[in-house]
Every structure is written in structure tokens, then in C-alpha cells.
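S.K.: Dropping in model_28.cif, with mmCIF, C-alpha atoms.
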data_upload
loop_
_atom_site.group_PDB
_atom_site.id
_atom_site.type_symbol
_atom_site.label_atom_id
_atom_site.label_comp_id
_atom_site.auth_asym_id
_atom_site.auth_seq_id
_atom_site.Cartn_x
_atom_site.Cartn_y
_atom_site.Cartn_z
ATOM 1 C CA MET A 1 184.635 56.369 2.659
ATOM 2 C CA THR A 2 184.939 53.024 0.901
ATOM 3 C CA LYS A 3 182.077 51.274 -0.793
ATOM 4 C CA ARG A 4 180.633 48.161 0.770
ATOM 5 C CA GLN A 5 182.204 44.896 -0.311
ATOM 6 C CA LEU A 6 180.126 41.735 -0.589
ATOM 7 C CA ALA A 7 181.454 38.198 -0.237
ATOM 8 C CA ALA A 8 179.504 34.934 -0.102
ATOM 9 C CA ARG A 9 180.500 31.302 0.293
ATOM 10 C CA SER A 10 178.943 27.917 0.930
ATOM 11 C CA GLU A 11 179.787 25.806 3.971
ATOM 12 C CA SER A 12 178.910 22.243 4.968
ATOM 13 C CA TRP A 13 178.457 21.307 8.623
ATOM 14 C CA PRO A 14 178.168 17.575 9.461
ATOM 15 C CA ILE A 15 175.060 16.481 11.325
ATOM 16 C CA ALA A 16 175.463 14.242 14.353
ATOM 17 C CA GLY A 17 174.155 11.019 12.768
ATOM 18 C CA SER A 18 171.478 11.853 10.211
ATOM 19 C CA PHE A 19 168.356 13.977 10.091
ATOM 20 C CA ARG A 20 165.222 12.574 8.489
ATOM 21 C CA ILE A 21 161.850 14.115 7.709
ATOM 22 C CA SER A 22 159.000 12.956 5.473
ATOM 23 C CA ARG A 23 160.787 14.251 2.350
ATOM 24 C CA GLY A 24 164.097 12.474 2.965
ATOM 25 C CA ALA A 25 167.286 12.356 5.034
ATOM 26 C CA LYS A 26 170.440 14.441 5.147
ATOM 27 C CA THR A 27 173.820 14.115 6.843
ATOM 28 C CA SER A 28 175.051 17.699 6.626
ATOM 29 C CA ALA A 29 173.727 21.218 6.991
ATOM 30 C CA ASP A 30 174.672 23.008 3.781
ATOM 31 C CA VAL A 31 174.562 26.758 4.302
ATOM 32 C CA VAL A 32 175.531 29.993 2.592
ATOM 33 C CA VAL A 33 177.233 32.817 4.490
ATOM 34 C CA ALA A 34 177.119 36.399 3.220
ATOM 35 C CA GLU A 35 179.576 39.009 4.490
ATOM 36 C CA ILE A 36 179.262 42.748 3.916
ATOM 37 C CA THR A 37 182.321 44.846 4.768
ATOM 38 C CA GLU A 38 182.477 48.623 5.048
ATOM 39 C CA ASN A 39 185.418 50.623 6.401
ATOM 40 C CA GLY A 40 186.957 47.549 7.974
ATOM 41 C CA VAL A 41 183.753 46.397 9.720
ATOM 42 C CA THR A 42 182.083 43.170 8.581
ATOM 43 C CA GLY A 43 178.508 42.006 9.090
ATOM 44 C CA ARG A 44 177.562 38.361 8.551
ATOM 45 C CA GLY A 45 174.391 36.447 7.776
ATOM 46 C CA GLU A 46 173.727 32.743 7.231
ATOM 47 C CA CYS A 47 170.983 31.107 5.213
ATOM 48 C CA VAL A 48 169.982 27.576 4.247
ATOM 49 C CA PRO A 49 168.933 27.005 0.620
ATOM 50 C CA TYR A 50 165.908 24.688 0.616
ATOM 51 C CA ALA A 51 165.064 22.436 -2.300
ATOM 52 C CA ARG A 52 161.367 22.407 -1.316
ATOM 53 C CA TYR A 53 161.330 26.060 -2.345
ATOM 54 C CA ASP A 54 163.389 25.469 -5.507
ATOM 55 C CA GLU A 55 166.568 26.814 -3.919
ATOM 56 C CA SER A 56 170.090 25.443 -4.205
ATOM 57 C CA ILE A 57 173.534 26.552 -3.073
ATOM 58 C CA SER A 58 174.230 27.699 -6.625
ATOM 59 C CA SER A 59 170.969 29.602 -7.086
ATOM 60 C CA VAL A 60 171.305 31.383 -3.742
ATOM 61 C CA LEU A 61 174.908 32.395 -4.394
ATOM 62 C CA GLY A 62 173.764 33.761 -7.738
ATOM 63 C CA GLN A 63 170.951 35.772 -6.151
ATOM 64 C CA ILE A 64 173.319 37.205 -3.579
ATOM 65 C CA SER A 65 175.817 38.196 -6.256
ATOM 66 C CA SER A 66 173.073 39.929 -8.237
ATOM 67 C CA VAL A 67 172.721 42.704 -5.637
ATOM 68 C CA ARG A 68 176.448 43.384 -5.267
ATOM 69 C CA ASP A 69 176.241 46.786 -6.960
ATOM 70 C CA PHE A 70 173.130 47.788 -5.008
ATOM 71 C CA LEU A 71 174.930 47.029 -1.752
ATOM 72 C CA ALA A 72 178.032 48.916 -2.867
ATOM 73 C CA ASP A 73 175.814 51.950 -3.462
ATOM 74 C CA GLY A 74 174.350 51.793 0.063
ATOM 75 C CA LEU A 75 171.241 49.603 -0.268
ATOM 76 C CA THR A 76 169.301 49.635 3.013
ATOM 77 C CA ARG A 77 167.397 46.794 4.647
ATOM 78 C CA ASP A 78 164.099 48.411 3.669
ATOM 79 C CA GLY A 79 165.353 48.838 0.126
ATOM 80 C CA LEU A 80 166.380 45.208 0.048
ATOM 81 C CA LEU A 81 162.711 44.230 0.435
ATOM 82 C CA THR A 82 161.987 45.859 -2.923
ATOM 83 C CA VAL A 83 164.893 44.478 -4.968
ATOM 84 C CA MET A 84 164.947 40.835 -3.818
ATOM 85 C CA PRO A 85 162.163 38.292 -3.265
ATOM 86 C CA SER A 86 161.682 36.606 0.092
ATOM 87 C CA GLY A 87 163.798 33.506 0.583
ATOM 88 C CA ALA A 88 167.173 32.284 1.726
ATOM 89 C CA ALA A 89 169.371 34.646 -0.320
ATOM 90 C CA ARG A 90 167.678 37.769 0.990
ATOM 91 C CA ASN A 91 167.864 36.360 4.514
ATOM 92 C CA ALA A 92 171.661 36.115 4.408
ATOM 93 C CA ILE A 93 172.030 39.678 3.130
ATOM 94 C CA ASP A 94 169.409 41.170 5.450
ATOM 95 C CA CYS A 95 171.002 39.583 8.519
ATOM 96 C CA ALA A 96 174.449 40.724 7.386
ATOM 97 C CA LEU A 97 173.121 44.289 7.125
ATOM 98 C CA TRP A 98 171.660 44.083 10.649
ATOM 99 C CA ASP A 99 174.979 42.773 11.958
ATOM 100 C CA LEU A 100 176.925 45.468 10.120
ATOM 101 C CA GLU A 101 174.694 48.249 11.472
ATOM 102 C CA ALA A 102 174.988 46.960 15.033
ATOM 103 C CA LYS A 103 178.778 46.746 14.824
ATOM 104 C CA GLN A 104 179.129 50.161 13.187
ATOM 105 C CA SER A 105 176.769 51.953 15.576
ATOM 106 C CA GLY A 106 177.716 50.182 18.785
ATOM 107 C CA LYS A 107 173.989 49.633 19.402
ATOM 108 C CA SER A 108 172.351 46.292 20.056
ATOM 109 C CA ILE A 109 169.960 44.698 17.584
ATOM 110 C CA ALA A 110 167.174 45.210 20.116
ATOM 111 C CA GLU A 111 167.924 48.933 20.337
ATOM 112 C CA ILE A 112 167.989 49.323 16.568
ATOM 113 C CA ALA A 113 164.739 47.361 16.115
ATOM 114 C CA GLY A 114 162.967 48.815 19.148
ATOM 115 C CA ILE A 115 162.123 45.378 20.544
ATOM 116 C CA PRO A 116 162.915 43.532 23.779
ATOM 117 C CA ALA A 117 166.368 41.982 23.983
ATOM 118 C CA PRO A 118 166.219 38.182 24.020
ATOM 119 C CA GLY A 119 166.806 36.389 27.275
ATOM 120 C CA PRO A 120 167.356 32.708 28.000
ATOM 121 C CA THR A 121 164.864 30.854 25.811
ATOM 122 C CA ILE A 122 163.601 27.277 25.828
ATOM 123 C CA THR A 123 163.839 25.702 22.394
ATOM 124 C CA ALA A 124 162.214 22.533 21.202
ATOM 125 C CA TYR A 125 164.531 19.581 20.637
ATOM 126 C CA THR A 126 163.828 17.727 17.386
ATOM 127 C CA LEU A 127 163.486 13.965 17.175
ATOM 128 C CA SER A 128 164.156 12.853 13.623
ATOM 129 C CA LEU A 129 161.645 10.655 11.791
ATOM 130 C CA ASP A 130 162.204 6.975 12.527
ATOM 131 C CA SER A 131 160.424 3.834 13.665
ATOM 132 C CA PRO A 132 158.354 4.084 16.848
ATOM 133 C CA GLU A 133 160.972 2.002 18.653
ATOM 134 C CA ASN A 134 163.884 4.182 17.586
ATOM 135 C CA MET A 135 162.034 7.408 18.292
ATOM 136 C CA ALA A 136 161.137 6.063 21.740
ATOM 137 C CA ALA A 137 164.793 5.245 22.382
ATOM 138 C CA ALA A 138 165.794 8.776 21.377
ATOM 139 C CA ALA A 139 163.056 10.211 23.577
ATOM 140 C CA LYS A 140 164.196 8.169 26.549
ATOM 141 C CA LYS A 141 167.784 9.321 26.031
ATOM 142 C CA HIS A 142 166.628 12.962 26.067
ATOM 143 C CA SER A 143 163.700 12.591 28.484
ATOM 144 C CA SER A 144 165.022 15.368 30.719
ATOM 145 C CA ARG A 145 164.371 17.904 27.961
ATOM 146 C CA PRO A 146 161.167 19.910 28.462
ATOM 147 C CA LEU A 147 159.964 20.118 24.840
ATOM 148 C CA PHE A 148 160.236 17.775 21.858
ATOM 149 C CA LYS A 149 159.369 18.376 18.244
ATOM 150 C CA LEU A 150 158.631 15.080 16.512
ATOM 151 C CA LYS A 151 159.141 14.681 12.778
ATOM 152 C CA LEU A 152 156.302 12.568 11.359
ATOM 153 C CA ALA A 153 155.413 11.057 7.995
ATOM 154 C CA GLY A 154 151.786 9.846 7.845
ATOM 155 C CA GLU A 155 151.179 6.112 8.294
ATOM 156 C CA GLY A 156 152.360 4.959 11.707
ATOM 157 C CA ASP A 157 152.425 8.431 13.235
ATOM 158 C CA LEU A 158 150.066 7.597 16.090
ATOM 159 C CA GLU A 159 152.354 4.735 17.059
ATOM 160 C CA ARG A 160 155.379 7.043 16.882
ATOM 161 C CA VAL A 161 153.832 9.670 19.126
ATOM 162 C CA ALA A 162 152.493 7.102 21.597
ATOM 163 C CA ALA A 163 155.923 5.493 21.838
ATOM 164 C CA VAL A 164 157.586 8.842 22.523
ATOM 165 C CA ARG A 165 154.933 9.785 25.064
ATOM 166 C CA ASN A 166 155.485 6.506 26.902
ATOM 167 C CA ALA A 167 159.267 6.986 26.895
ATOM 168 C CA ALA A 168 159.152 10.626 28.020
ATOM 169 C CA PRO A 169 155.892 11.130 29.923
ATOM 170 C CA ARG A 170 156.779 14.573 31.284
ATOM 171 C CA THR A 171 158.114 16.149 28.099
ATOM 172 C CA ARG A 172 155.840 18.531 26.203
ATOM 173 C CA LEU A 173 155.238 17.550 22.565
ATOM 174 C CA ILE A 174 154.747 19.310 19.267
ATOM 175 C CA VAL A 175 154.666 17.395 15.987
ATOM 176 C CA ASP A 176 155.588 18.266 12.407
ATOM 177 C CA ALA A 177 154.179 16.241 9.527
ATOM 178 C CA ASN A 178 155.944 18.259 6.789
ATOM 179 C CA GLU A 179 152.861 18.053 4.505
ATOM 180 C CA ALA A 180 152.661 14.239 4.756
ATOM 181 C CA TRP A 181 149.088 13.795 6.025
ATOM 182 C CA THR A 182 145.833 13.524 4.129
ATOM 183 C CA ALA A 183 142.527 15.075 5.179
ATOM 184 C CA ASP A 184 141.362 11.655 6.386
ATOM 185 C CA MET A 185 144.500 11.307 8.505
ATOM 186 C CA MET A 186 143.795 14.731 9.986
ATOM 187 C CA ARG A 187 140.326 13.669 11.061
ATOM 188 C CA GLU A 188 141.619 10.426 12.542
ATOM 189 C CA PHE A 189 144.834 11.653 14.111
ATOM 190 C CA CYS A 190 143.939 14.996 15.683
ATOM 191 C CA PRO A 191 141.693 13.813 18.531
ATOM 192 C CA LYS A 192 144.165 11.068 19.382
ATOM 193 C CA MET A 193 147.070 13.529 19.276
ATOM 194 C CA ALA A 194 145.162 15.638 21.774
ATOM 195 C CA ASP A 195 144.752 12.590 24.025
ATOM 196 C CA LEU A 196 148.539 12.067 23.858
ATOM 197 C CA GLY A 197 149.143 15.631 25.018
ATOM 198 C CA VAL A 198 150.377 17.058 21.726
ATOM 199 C CA GLU A 199 150.242 20.855 21.952
ATOM 200 C CA LEU A 200 150.722 21.835 18.301
ATOM 201 C CA ILE A 201 150.564 20.141 14.878
ATOM 202 C CA GLU A 202 152.758 21.743 12.244
ATOM 203 C CA GLN A 203 151.831 21.725 8.526
ATOM 204 C CA PRO A 204 149.903 18.447 8.379
ATOM 205 C CA LEU A 205 148.570 18.912 4.826
ATOM 206 C CA PRO A 206 150.393 19.916 1.636
ATOM 207 C CA ALA A 207 150.550 23.639 0.988
ATOM 208 C CA GLY A 208 147.861 24.434 -1.546
ATOM 209 C CA GLU A 209 145.718 21.526 -0.370
ATOM 210 C CA ASP A 210 144.911 22.904 3.070
ATOM 211 C CA SER A 211 141.644 24.746 2.405
ATOM 212 C CA VAL A 212 139.787 21.874 4.093
ATOM 213 C CA LEU A 213 141.261 22.967 7.418
ATOM 214 C CA GLY A 214 138.692 25.742 7.573
ATOM 215 C CA ASP A 215 135.903 23.197 8.009
ATOM 216 C CA MET A 216 137.674 20.868 10.463
ATOM 217 C CA GLU A 217 137.479 20.749 14.190
ATOM 218 C CA ARG A 218 140.916 21.310 15.661
ATOM 219 C CA PRO A 219 141.320 19.763 19.115
ATOM 220 C CA VAL A 220 145.026 20.550 18.710
ATOM 221 C CA PRO A 221 146.089 23.933 17.269
ATOM 222 C CA ILE A 222 147.440 23.752 13.702
ATOM 223 C CA CYS A 223 150.528 25.686 12.602
ATOM 224 C CA ALA A 224 151.324 26.789 9.043
ATOM 225 C CA ASP A 225 154.895 26.287 7.875
ATOM 226 C CA GLU A 226 155.210 25.544 4.163
ATOM 227 C CA SER A 227 151.939 27.438 3.636
ATOM 228 C CA ALA A 228 153.171 30.658 5.292
ATOM 229 C CA HIS A 229 156.271 32.485 4.085
ATOM 230 C CA ASP A 230 155.935 36.243 4.515
ATOM 231 C CA THR A 231 153.297 38.951 4.913
ATOM 232 C CA ALA A 232 152.159 38.383 1.316
ATOM 233 C CA THR A 233 150.969 34.884 2.271
ATOM 234 C CA LEU A 234 149.299 35.852 5.535
ATOM 235 C CA ASP A 235 145.826 36.332 4.052
ATOM 236 C CA ASP A 236 145.960 32.773 2.672
ATOM 237 C CA VAL A 237 146.424 31.165 6.086
ATOM 238 C CA VAL A 238 144.711 33.393 8.629
ATOM 239 C CA GLU A 239 141.348 31.598 8.364
ATOM 240 C CA LEU A 240 142.852 28.104 8.170
ATOM 241 C CA TYR A 241 145.534 27.986 10.867
ATOM 242 C CA ASP A 242 145.937 28.876 14.515
ATOM 243 C CA TYR A 243 149.703 29.541 14.377
ATOM 244 C CA ILE A 244 152.344 30.387 11.815
ATOM 245 C CA ASN A 245 155.936 29.205 11.886
ATOM 246 C CA ILE A 246 158.147 32.192 11.116
ATOM 247 C CA LYS A 247 161.506 31.205 9.646
ATOM 248 C CA LEU A 248 163.992 33.778 8.434
ATOM 249 C CA ASP A 249 164.844 31.669 5.394
ATOM 250 C CA LYS A 250 161.208 31.967 4.329
ATOM 251 C CA THR A 251 160.614 35.627 5.192
ATOM 252 C CA GLY A 252 163.906 36.670 3.640
ATOM 253 C CA GLY A 253 165.430 38.011 6.820
ATOM 254 C CA LEU A 254 164.736 39.566 10.197
ATOM 255 C CA THR A 255 163.327 42.788 8.721
ATOM 256 C CA GLU A 256 160.353 41.069 7.090
ATOM 257 C CA ALA A 257 160.063 38.573 9.966
ATOM 258 C CA LEU A 258 159.453 41.383 12.467
ATOM 259 C CA ILE A 259 156.770 42.851 10.202
ATOM 260 C CA LEU A 260 155.158 39.416 9.872
ATOM 261 C CA ALA A 261 155.254 38.790 13.627
ATOM 262 C CA GLU A 262 153.446 42.075 14.303
ATOM 263 C CA ALA A 263 150.880 41.332 11.591
ATOM 264 C CA ALA A 264 150.257 37.839 12.954
ATOM 265 C CA ARG A 265 149.636 39.300 16.385
ATOM 266 C CA GLU A 266 147.119 41.749 14.925
ATOM 267 C CA PHE A 267 145.317 38.895 13.142
ATOM 268 C CA GLY A 268 145.180 36.842 16.351
ATOM 269 C CA LEU A 269 147.518 34.147 15.059
ATOM 270 C CA GLY A 270 149.946 32.475 17.430
ATOM 271 C CA VAL A 271 153.613 32.515 16.495
ATOM 272 C CA MET A 272 156.187 29.764 16.387
ATOM 273 C CA VAL A 273 159.769 30.703 15.562
ATOM 274 C CA GLY A 274 161.519 27.994 13.585
ATOM 275 C CA CYS A 275 164.658 27.361 11.603
ATOM 276 C CA MET A 276 166.229 25.335 8.862
ATOM 277 C CA LEU A 277 169.149 23.144 9.890
ATOM 278 C CA GLY A 278 172.076 25.516 10.320
ATOM 279 C CA THR A 279 174.645 26.888 12.752
ATOM 280 C CA SER A 280 174.316 29.433 15.537
ATOM 281 C CA LEU A 281 174.885 32.236 13.033
ATOM 282 C CA ALA A 282 171.475 31.413 11.542
ATOM 283 C CA MET A 283 169.788 31.021 14.941
ATOM 284 C CA ALA A 284 171.035 34.294 16.459
ATOM 285 C CA PRO A 285 168.802 36.683 14.453
ATOM 286 C CA ALA A 286 165.772 34.439 14.979
ATOM 287 C CA MET A 287 166.180 34.731 18.758
ATOM 288 C CA TYR A 288 164.995 38.330 18.446
ATOM 289 C CA LEU A 289 161.552 36.980 17.535
ATOM 290 C CA ALA A 290 161.253 34.946 20.723
ATOM 291 C CA SER A 291 159.228 37.626 22.531
ATOM 292 C CA TYR A 292 156.453 37.140 19.957
ATOM 293 C CA ALA A 293 156.437 33.360 20.141
ATOM 294 C CA ARG A 294 154.613 30.705 22.145
ATOM 295 C CA PHE A 295 156.914 28.046 20.679
ATOM 296 C CA VAL A 296 160.591 28.412 19.783
ATOM 297 C CA ASP A 297 162.323 25.790 17.639
ATOM 298 C CA LEU A 298 165.923 26.910 17.129
ATOM 299 C CA ASP A 299 167.812 23.748 17.986
ATOM 300 C CA GLY A 300 169.803 23.499 14.744
ATOM 301 C CA PRO A 301 173.233 23.720 16.443
ATOM 302 C CA LEU A 302 172.298 20.931 18.861
ATOM 303 C CA LEU A 303 171.894 18.565 15.914
ATOM 304 C CA LEU A 304 175.353 19.245 14.433
ATOM 305 C CA GLU A 305 178.614 17.481 15.200
ATOM 306 C CA LYS A 306 180.068 20.896 16.003
ATOM 307 C CA ASP A 307 178.989 24.532 15.856
ATOM 308 C CA ARG A 308 180.908 27.559 14.636
ATOM 309 C CA GLU A 309 183.153 29.684 16.867
ATOM 310 C CA HIS A 310 181.360 31.867 19.451
ATOM 311 C CA GLY A 311 178.221 29.751 18.990
ATOM 312 C CA ILE A 312 175.101 30.117 21.098
ATOM 313 C CA GLN A 313 175.457 28.506 24.507
ATOM 314 C CA PHE A 314 172.888 25.835 25.368
ATOM 315 C CA ASP A 315 172.055 24.482 28.821
ATOM 316 C CA GLY A 316 169.916 21.521 27.847
ATOM 317 C CA ASN A 317 167.038 23.119 25.932
ATOM 318 C CA VAL A 318 167.780 26.622 27.247
ATOM 319 C CA MET A 319 169.576 28.757 24.700
ATOM 320 C CA HIS A 320 171.299 31.922 25.825
ATOM 321 C CA PRO A 321 171.373 35.190 23.868
ATOM 322 C CA PRO A 322 174.067 35.287 21.194
ATOM 323 C CA SER A 323 177.365 37.005 21.885
ATOM 324 C CA ARG A 324 178.231 40.052 19.830
ATOM 325 C CA GLU A 325 181.249 38.142 18.535
ATOM 326 C CA LEU A 326 178.792 35.798 16.818
ATOM 327 C CA TRP A 327 176.199 38.275 15.538
ATOM 328 C CA GLY A 328 174.626 41.592 16.410
#
Just give me the structure of the file as C-alpha cells.

M.R.:
Amino acid sequence: MTKRQLAARSESWPIAGSFRISRGAKTSADVVVAEITENGVTGRGECVPYARYDESISSVLGQISSVRDFLADGLTRDGLLTVMPSGAARNAIDCALWDLEAKQSGKSIAEIAGIPAPGPTITAYTLSLDSPENMAAAAKKHSSRPLFKLKLAGEGDLERVAAVRNAAPRTRLIVDANEAWTADMMREFCPKMADLGVELIEQPLPAGEDSVLGDMERPVPICADESAHDTATLDDVVELYDYINIKLDKTGGLTEALILAEAAREFGLGVMVGCMLGTSLAMAPAMYLASYARFVDLDGPLLLEKDREHGIQFDGNVMHPPSRELWG
């Protein structure tokens, strides 16, 4: 019996064009892949370090390396929750451990977790932040897609959403302000967003400045993203938001994400499953949360110039369950 071996590396995947949100633009998805090998079997996990949460490629690689000896000595997924904080580094290791267990046991992820296996799932398709005219052009190009997620930025957002609605009248809409609105914008925008058919508004106010949501009428449901990371943050958002966006890079992996999804259900919160911008290896574990979710936003591979080998198959916005060659 050999001890587990840990390897980690960074990878850069070019984005098709560029991807812009309220905090800036990027042209590549920069990810970290962790691999855990035991007796010739390797499990993989992918994470996306996020500067908003004070993460970098270097810091995440360092965190991953710091648990090398624990993993060699047989650290379990439950044990991982006690030796690493939530975040991208733990996500990569946790997902690699899930993958390793599935490959070693011959069982599916669903069997191991005791949850429904994912089926074909409709994901949102993201329209990057741009001028109303350019966002309308993108919406028209993709008007056959059933669900858009619009990246917004504050001033001019009503014009952006109206332009997209006019260009794609039959497409369902959710919007993501990435903390760019003020309380006054909330009061002005929300009723008009409802009139435009927007079904969900994601993280309109900065995390830490969202207590005013408790006193606001919400004609459109509000979803916590930057304000909600893991079960430890659930109490902070349950009275303020209608939904939470569960991302594995925030929860620190599928193990904690499943716990959070169950807890959200018990608290009466709706669930959105989201992602950072990565390849199919990052999306595959998140698909196992789809049965909890009203909204799924796992379109990362669709925004890249190319995906990794054995990537998730997409038919328009419909994503199919991952192959075992990819993950699980």
C-alpha cells in the first residue's frame, strides 16, 4: 500500500474574446488543478483563485502544498473540513478526493453522496458587461438560448437590461451586479427589473453593506453571492436574501456545498448553483448540486476558446452529465 501522492499545477485557458464584470475584465481563466494519486489511481479537482477573496495562484498552490503530509497519511474529506478553511484551495483537494474515491470504489459520485444523479441541466448563459448596444447585439446572437445571466455595473443598468429584453424577448433573465449597486439604485431598479421580466438579482449591494435589504420590498428575489460562502455565513444572509449562490470555490468543495444546500433548504432559502470561470473539470462536481437548485449557472466552458479533453457536452444551454473520464 503506497501513500497518497499530491501534485498541483496552474493552467491558463484563453477566453473567447474577453469577460467583463463590474470589477474588471479578463482574457483567460487561470485555474489550479490538484491531483491525488494512490496505488496508480488519480483523482483530480480544479479551482479558480479569486482576487476578491484575497486568493492568487501562488497562495492557493501554497495552501494545497501545506496539506501534503495530511493527505499522505489518509486525510478524509470530512477531516479536510477541519484542517483547511473554505475557499479555492480546499475545493481542488476536496473534489480530487471525491474523484479518487469514485474511481477506486467503482461507485458513482451520486451513490457515494446518497443524492440523485444529475441529468441534462439547463444552465444560464452569461452576457459580459458592456454597453447596452453591445449587450443587445450579443443577446440577439444568442436569442435562441432559454436563460441569460447579465453582468451589470450600476449606472446604465436599466438601459442594458431593456436593450437585452428587446433583443431577446423570449429569453428568461437573471442579473448579477457584483456588488456595484447602492441602496438608492436598489429602490429605483428593482420594480423596473420586475417589469422587464428579470427573475433574480444577484448580489446587488457590497457584502457587509447589505443589512438594508431586510427593510426593502423585493419585487424580484435577491440572491447572495459574495455575502454567502459556506454554512458559517448562512446566519448572516438568511433574513436578508431569498436565494444563495453556492459555488464550490467559496464553500471549499462539494462536501461543504452539499451540507450548505441542505441547510439552505431547511431555512427556506432558494438555491442557485454558480461557478467561477473555469473548465469542465470545475463544473462537473457542481452539477451534483443541480437537484437542489432553481437556477444553474455553470456555463464557464462555453465562454472559453476551448475546453479540456472529455469536457462536458453542451447542446445549446443544456449541459449533459460529466463522463467518468472527466471526473467522478

S.K.: Check the smallest atom-to-atom distance from each of A:Ala257, A:Ala168, A:Ala228, A:Ile312 to Glu325 in chain A using only C-alpha atoms, then report the winner.

M.R.: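 Of the candidates, the smallest distance to Glu325 in chain A is held by A:Ile312.
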
S.K.: Go through the shown structure with the PyMOL selection byres ((chain A and resi 96) around 12) and write out the matching residues as a PyMOL selection string.

M.R.: chain A and resi 4-8+32-38+41-47+64+71+76-77+80+89-95+97-103+109+252-255+281-282+284-285+326-328

S.K.: Could you state which residues are captured by the PyMOL selection byres ((chain A and resi 22) around 12) in this file, as a list of chain:residue names?

M.R.: A:Phe19, A:Arg20, A:Ile21, A:Arg23, A:Gly24, A:Ala25, A:Lys26, A:Arg52, A:Ser128, A:Leu129, A:Asp130, A:Leu150, A:Lys151, A:Leu152, A:Ala153, A:Gly154, A:Glu155, A:Asp157, A:Asp176, A:Ala177, A:Asn178, A:Glu179, A:Ala180, A:Trp181, A:Gln203, A:Pro204, A:Pro206

S.K.: Filtering to C-alpha atoms, could you give me those residues as a compact mmCIF listing (two decimals), in the frame of the given file?

M.R.:
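Generated file (part_2.txt):
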# COMPACT_ATOMS: atom_id res chain seq x y z
CA PHE A 19 168.36 13.98 10.09
CA ARG A 20 165.22 12.57 8.49
CA ILE A 21 161.85 14.12 7.71
CA ARG A 23 160.79 14.25 2.35
CA GLY A 24 164.10 12.47 2.96
CA ALA A 25 167.29 12.36 5.03
CA LYS A 26 170.44 14.44 5.15
CA ARG A 52 161.37 22.41 -1.32
CA SER A 128 164.16 12.85 13.62
CA LEU A 129 161.65 10.66 11.79
CA ASP A 130 162.20 6.98 12.53
CA LEU A 150 158.63 15.08 16.51
CA LYS A 151 159.14 14.68 12.78
CA LEU A 152 156.30 12.57 11.36
CA ALA A 153 155.41 11.06 8.00
CA GLY A 154 151.79 9.85 7.84
CA GLU A 155 151.18 6.11 8.29
CA ASP A 157 152.43 8.43 13.24
CA ASP A 176 155.59 18.27 12.41
CA ALA A 177 154.18 16.24 9.53
CA ASN A 178 155.94 18.26 6.79
CA GLU A 179 152.86 18.05 4.50
CA ALA A 180 152.66 14.24 4.76
CA TRP A 181 149.09 13.80 6.02
CA GLN A 203 151.83 21.72 8.53
CA PRO A 204 149.90 18.45 8.38
CA PRO A 206 150.39 19.92 1.64

S.K.: Might you spell out which residues the PyMOL selection byres ((chain A and resi 117) around 12) would select in the displayed file, as a short mmCIF file (atom, residue, chain, number, x, y, z; two decimals) with C-alpha atoms, in the frame of the given file?

M.R.:
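Output saved as result-v3.cif:
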data_model
loop_
_atom_site.label_atom_id
_atom_site.label_comp_id
_atom_site.auth_asym_id
_atom_site.auth_seq_id
_atom_site.Cartn_x
_atom_site.Cartn_y
_atom_site.Cartn_z
CA LYS A 107 173.99 49.63 19.40
CA SER A 108 172.35 46.29 20.06
CA ILE A 109 169.96 44.70 17.58
CA ALA A 110 167.17 45.21 20.12
CA GLU A 111 167.92 48.93 20.34
CA ILE A 112 167.99 49.32 16.57
CA ALA A 113 164.74 47.36 16.11
CA GLY A 114 162.97 48.82 19.15
CA ILE A 115 162.12 45.38 20.54
CA PRO A 116 162.92 43.53 23.78
CA PRO A 118 166.22 38.18 24.02
CA GLY A 119 166.81 36.39 27.28
CA PRO A 120 167.36 32.71 28.00
CA THR A 121 164.86 30.85 25.81
CA ALA A 284 171.04 34.29 16.46
CA PRO A 285 168.80 36.68 14.45
CA ALA A 286 165.77 34.44 14.98
CA MET A 287 166.18 34.73 18.76
CA TYR A 288 165.00 38.33 18.45
CA LEU A 289 161.55 36.98 17.54
CA ALA A 290 161.25 34.95 20.72
CA SER A 291 159.23 37.63 22.53
CA TYR A 292 156.45 37.14 19.96
CA HIS A 320 171.30 31.92 25.82
CA PRO A 321 171.37 35.19 23.87
CA PRO A 322 174.07 35.29 21.19
CA GLY A 328 174.63 41.59 16.41
#

S.K.: What does the distance from CA of Gly156 in chain A to CA of Leu302 in chain A come to in Å, to one decimal?

M.R.: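 Interatomic distance here is 26.5 Å.
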
S.K.: To one decimal place in Å, what is the distance between CA of Pro132 in chain A and CA of Asp210 in chain A?

M.R.: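 Distance between the two atoms: 26.9 Å.
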
S.K.: Determine, counting all atoms listed in the file, which protein, DNA and RNA residues have an atom within 12 Å of an atom of Pro49 in chain A; residues of the same chain fewer than 2 positions away are not included. Present the result as a count of residues only.

M.R.: 38

S.K.: Could you write out as lines of an AutoDock Vina configuration file the box around range 275-281 of chain A (axis-aligned, all atoms listed in the file, 3 Å on each side), with centre and edge lengths in Å to one decimal?

M.R.:
center_x = 169.8
center_y = 27.7
center_z = 12.2
size_x = 16.2
size_y = 15.1
size_z = 12.7

S.K.: Of the candidates A:Gly316, A:Gly197, A:Gly40, A:Pro301, which one gets nearest to Arg165 in chain A if we count all atoms listed in the file?

M.R.: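 Closest to Arg165 in chain A of all the choices is A:Gly197.
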
S.K.: If I take CA of Ser131 in chain A and CA of Val273 in chain A, how far is one from the other in Å, to one decimal?

M.R.: 26.9 Å

S.K.: Between A:Gly300, A:Gly311, A:Gly79, A:Gly214, single out the one closest to Tyr241 in chain A, counting all atoms listed in the file.

M.R.: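 Smallest distance to Tyr241 in chain A is found for A:Gly214.
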
S.K.: Under the rule that all atoms listed in the file are counted, which of A:Arg68, A:Arg187, A:Lys247, A:Arg294 is the nearest residue to Thr123 in chain A?

M.R.: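 Closest candidate: A:Arg294.
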
S.K.: Find the residue from A:Ser86, A:Thr279, A:Thr171, A:Ser211 that sits nearest to Thr231 in chain A; use all atoms listed in the file when measuring.

M.R.: A:Ser86

S.K.: I'd like to know which of A:Lys3, A:Lys140, A:His310, A:Arg172 is closest to Asp69 in chain A, using all atoms listed in the file.

M.R.: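 That would be A:Lys3, the residue with the smallest distance to Asp69 in chain A.
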